[in-house]
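To be precise, the following lines are run_1.txt, and they hold compact mmCIF, C-alpha atoms.
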# COMPACT_ATOMS: atom_id res chain seq x y z
CA MET A 1 113.54 105.82 117.39
CA ASP A 2 113.43 103.51 114.39
CA GLU A 3 110.08 102.14 115.56
CA LEU A 4 108.68 105.66 115.71
CA ALA A 5 109.94 106.41 112.20
CA THR A 6 108.41 103.19 110.92
CA SER A 7 105.05 103.91 112.54
CA ILE A 8 105.02 107.43 111.10
CA GLY A 9 105.67 106.02 107.63
CA GLY A 10 102.92 103.46 108.12
CA PHE A 11 100.50 106.19 109.16
CA GLY A 12 101.19 108.11 105.95
CA SER A 13 100.60 105.01 103.84
CA THR A 14 97.36 104.24 105.67
CA VAL A 15 96.03 107.76 105.15
CA LEU A 16 96.86 107.56 101.43
CA ARG A 17 95.03 104.25 101.07
CA LEU A 18 91.99 105.53 102.98
CA ALA A 19 91.86 108.69 100.88
CA ILE A 20 91.94 106.67 97.65
CA VAL A 21 89.18 104.39 98.92
CA GLY A 22 87.18 107.45 100.01
CA ILE A 23 87.45 109.07 96.59
CA VAL A 24 86.34 105.88 94.86
CA VAL A 25 83.42 105.35 97.24
CA VAL A 26 82.18 108.96 97.11
CA ASN A 27 82.33 109.16 93.32
CA ALA A 28 80.86 105.69 92.75
CA LEU A 29 78.00 106.48 95.08
CA ALA A 30 77.36 109.81 93.36
CA ALA A 31 77.44 108.19 89.92
CA ALA A 32 75.07 105.44 91.04
CA VAL A 33 72.59 107.95 92.44
CA VAL A 34 72.66 110.02 89.25
CA PHE A 35 72.22 106.98 87.00
CA LEU A 36 69.39 105.61 89.14
CA THR A 37 67.44 108.85 89.53
CA ARG A 38 68.31 110.50 86.17
CA ASP A 39 67.74 113.88 87.84
CA ARG A 40 69.82 116.77 86.46
CA ALA A 41 68.78 119.02 89.35
CA LEU A 42 70.44 116.57 91.71
CA VAL A 43 73.69 116.96 89.79
CA ASN A 44 73.51 120.74 89.97
CA ARG A 45 72.80 120.68 93.71
CA TRP A 46 75.46 118.16 94.73
CA THR A 47 78.37 119.05 92.42
CA PRO A 48 79.88 121.69 94.76
CA ARG A 49 79.68 119.32 97.73
CA LEU A 50 81.23 116.44 95.78
CA LEU A 51 83.96 118.71 94.49
CA ALA A 52 84.72 119.86 98.04
CA ALA A 53 84.82 116.25 99.28
CA ASN A 54 87.13 115.24 96.42
CA LEU A 55 89.44 118.19 97.02
CA PHE A 56 89.59 117.40 100.72
CA LEU A 57 90.38 113.74 100.09
CA ILE A 58 93.02 114.58 97.48
CA GLY A 59 94.59 117.15 99.80
CA ALA A 60 94.64 114.76 102.73
CA GLY A 61 95.79 111.86 100.57
CA ALA A 62 98.72 113.86 99.21
CA GLY A 63 99.55 116.23 102.06
CA ILE A 64 99.53 113.93 105.06
CA PRO A 65 101.85 111.28 103.54
CA ILE A 66 104.28 114.01 102.41
CA ALA A 67 104.29 115.52 105.90
CA ALA A 68 104.67 112.05 107.43
CA GLN A 69 107.68 111.27 105.25
CA ALA A 70 109.26 114.61 106.16
CA LEU A 71 108.68 113.89 109.84
CA LYS A 72 110.09 110.39 109.38
CA LEU A 73 113.28 111.89 107.92
CA VAL A 74 113.55 114.28 110.86
CA VAL A 75 113.14 111.44 113.35
CA LYS A 76 115.76 109.35 111.57
CA ALA A 77 118.17 112.31 111.47
CA ALA A 78 117.63 112.98 115.17
CA ALA A 79 118.18 109.31 115.97
CA ALA A 80 121.39 109.24 113.94
CA SER A 81 122.73 112.33 115.68
CA GLN A 82 122.26 110.88 119.16
CA SER A 83 125.29 109.20 120.60
CA THR A 84 124.59 105.88 122.28
CA GLU A 85 128.20 105.23 123.14
CA ILE A 86 129.07 105.38 126.85
CA ARG A 87 132.61 106.35 127.60
CA VAL A 88 134.09 105.22 130.88
CA GLN A 89 137.33 106.77 132.06
CA ALA A 90 139.81 104.31 133.43
CA GLU A 91 141.73 105.33 136.51
Please, can you express the file's structure as structure tokens?
Amino acid sequence: MDELATSIGGFGSTVLRLAIVGIVVVNALAAAVVFLTRDRALVNRWTPRLLAANLFLIGAGAGIPIAAQALKLVVKAAAASQSTEIRVQAE
């Protein structure tokens, strides 16, 4: 059970890192395109899509690790409540 809890925690950390990288890449790419083209119409067209992408990445980057940590606590609590002791009655 400890291995499962550890892998769940690792999954949450990985999602957080990927979300941060995604936010940086999406915004850097958008900034580069705007600076290279100097087109204000492009900004007006793509702002809602970029905002949606950022909100999705922030939500996933915050929500999934929180849910993973909660699940990790549940798994650890369930593992602690299980009895691994075997009692043998002597005759």
For segment 59-62 of chain A, I'd like the enclosing box, axis-aligned and padded by 5 Å on every side, reported as JSON with centre and edge lengths in Å to one decimal.
{"center_x": 96.7, "center_y": 114.5, "center_z": 101.0, "size_x": 14.1, "size_y": 15.3, "size_z": 13.5}
For segment 53-58 of chain A, list every protein, DNA or RNA residue within 8 Å, evaluated using all atoms listed in the file, and leave out those in the same chain fewer than 5 positions away; present the list as an MDAnalysis selection string. chainID A and resid 19:20 22:23
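Within 9 Å of the point (102.9, 112.6, 104.0), and counting all atoms listed in the file, the protein, DNA and RNA residues are Gly9, Phe11, Gly12, Ser13, Val15, Leu16, Ala60, Gly61, Ala62, Gly63, Ile64, Pro65, Ile66, Ala67, Ala68, Gln69, Ala70 and Leu71 of chain A.
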Mind listing whatever residues come within 12 Å of the point (114.5, 109.0, 109.3)? Use all atoms listed in the file, file coordinates, and give them as an mmCIF file with C-alpha atoms, keeping the file's coordinate frame.
data_model
loop_
_atom_site.group_PDB
_atom_site.id
_atom_site.type_symbol
_atom_site.label_atom_id
_atom_site.label_comp_id
_atom_site.auth_asym_id
_atom_site.auth_seq_id
_atom_site.Cartn_x
_atom_site.Cartn_y
_atom_site.Cartn_z
ATOM 1 C CA MET A 1 113.540 105.820 117.390
ATOM 2 C CA ASP A 2 113.430 103.510 114.390
ATOM 3 C CA GLU A 3 110.080 102.140 115.560
ATOM 4 C CA LEU A 4 108.680 105.660 115.710
ATOM 5 C CA ALA A 5 109.940 106.410 112.200
ATOM 6 C CA THR A 6 108.410 103.190 110.920
ATOM 7 C CA SER A 7 105.050 103.910 112.540
ATOM 8 C CA ILE A 8 105.020 107.430 111.100
ATOM 9 C CA GLY A 9 105.670 106.020 107.630
ATOM 10 C CA ALA A 68 104.670 112.050 107.430
ATOM 11 C CA GLN A 69 107.680 111.270 105.250
ATOM 12 C CA ALA A 70 109.260 114.610 106.160
ATOM 13 C CA LEU A 71 108.680 113.890 109.840
ATOM 14 C CA LYS A 72 110.090 110.390 109.380
ATOM 15 C CA LEU A 73 113.280 111.890 107.920
ATOM 16 C CA VAL A 74 113.550 114.280 110.860
ATOM 17 C CA VAL A 75 113.140 111.440 113.350
ATOM 18 C CA LYS A 76 115.760 109.350 111.570
ATOM 19 C CA ALA A 77 118.170 112.310 111.470
ATOM 20 C CA ALA A 78 117.630 112.980 115.170
ATOM 21 C CA ALA A 79 118.180 109.310 115.970
ATOM 22 C CA ALA A 80 121.390 109.240 113.940
ATOM 23 C CA SER A 81 122.730 112.330 115.680
#
One-decimal distance in Å that lies between atom CA of Ala28 of chain A and atom CA of Gly59 of chain A: 19.2 Å
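Straight-line separation from atom CA of Thr47 of chain A to atom CA of Ala32 of chain A: 14.1 Å.
Atom to atom, atom CA of Ala41 of chain A and atom CA of Val24 of chain A stand 22.6 Å apart.
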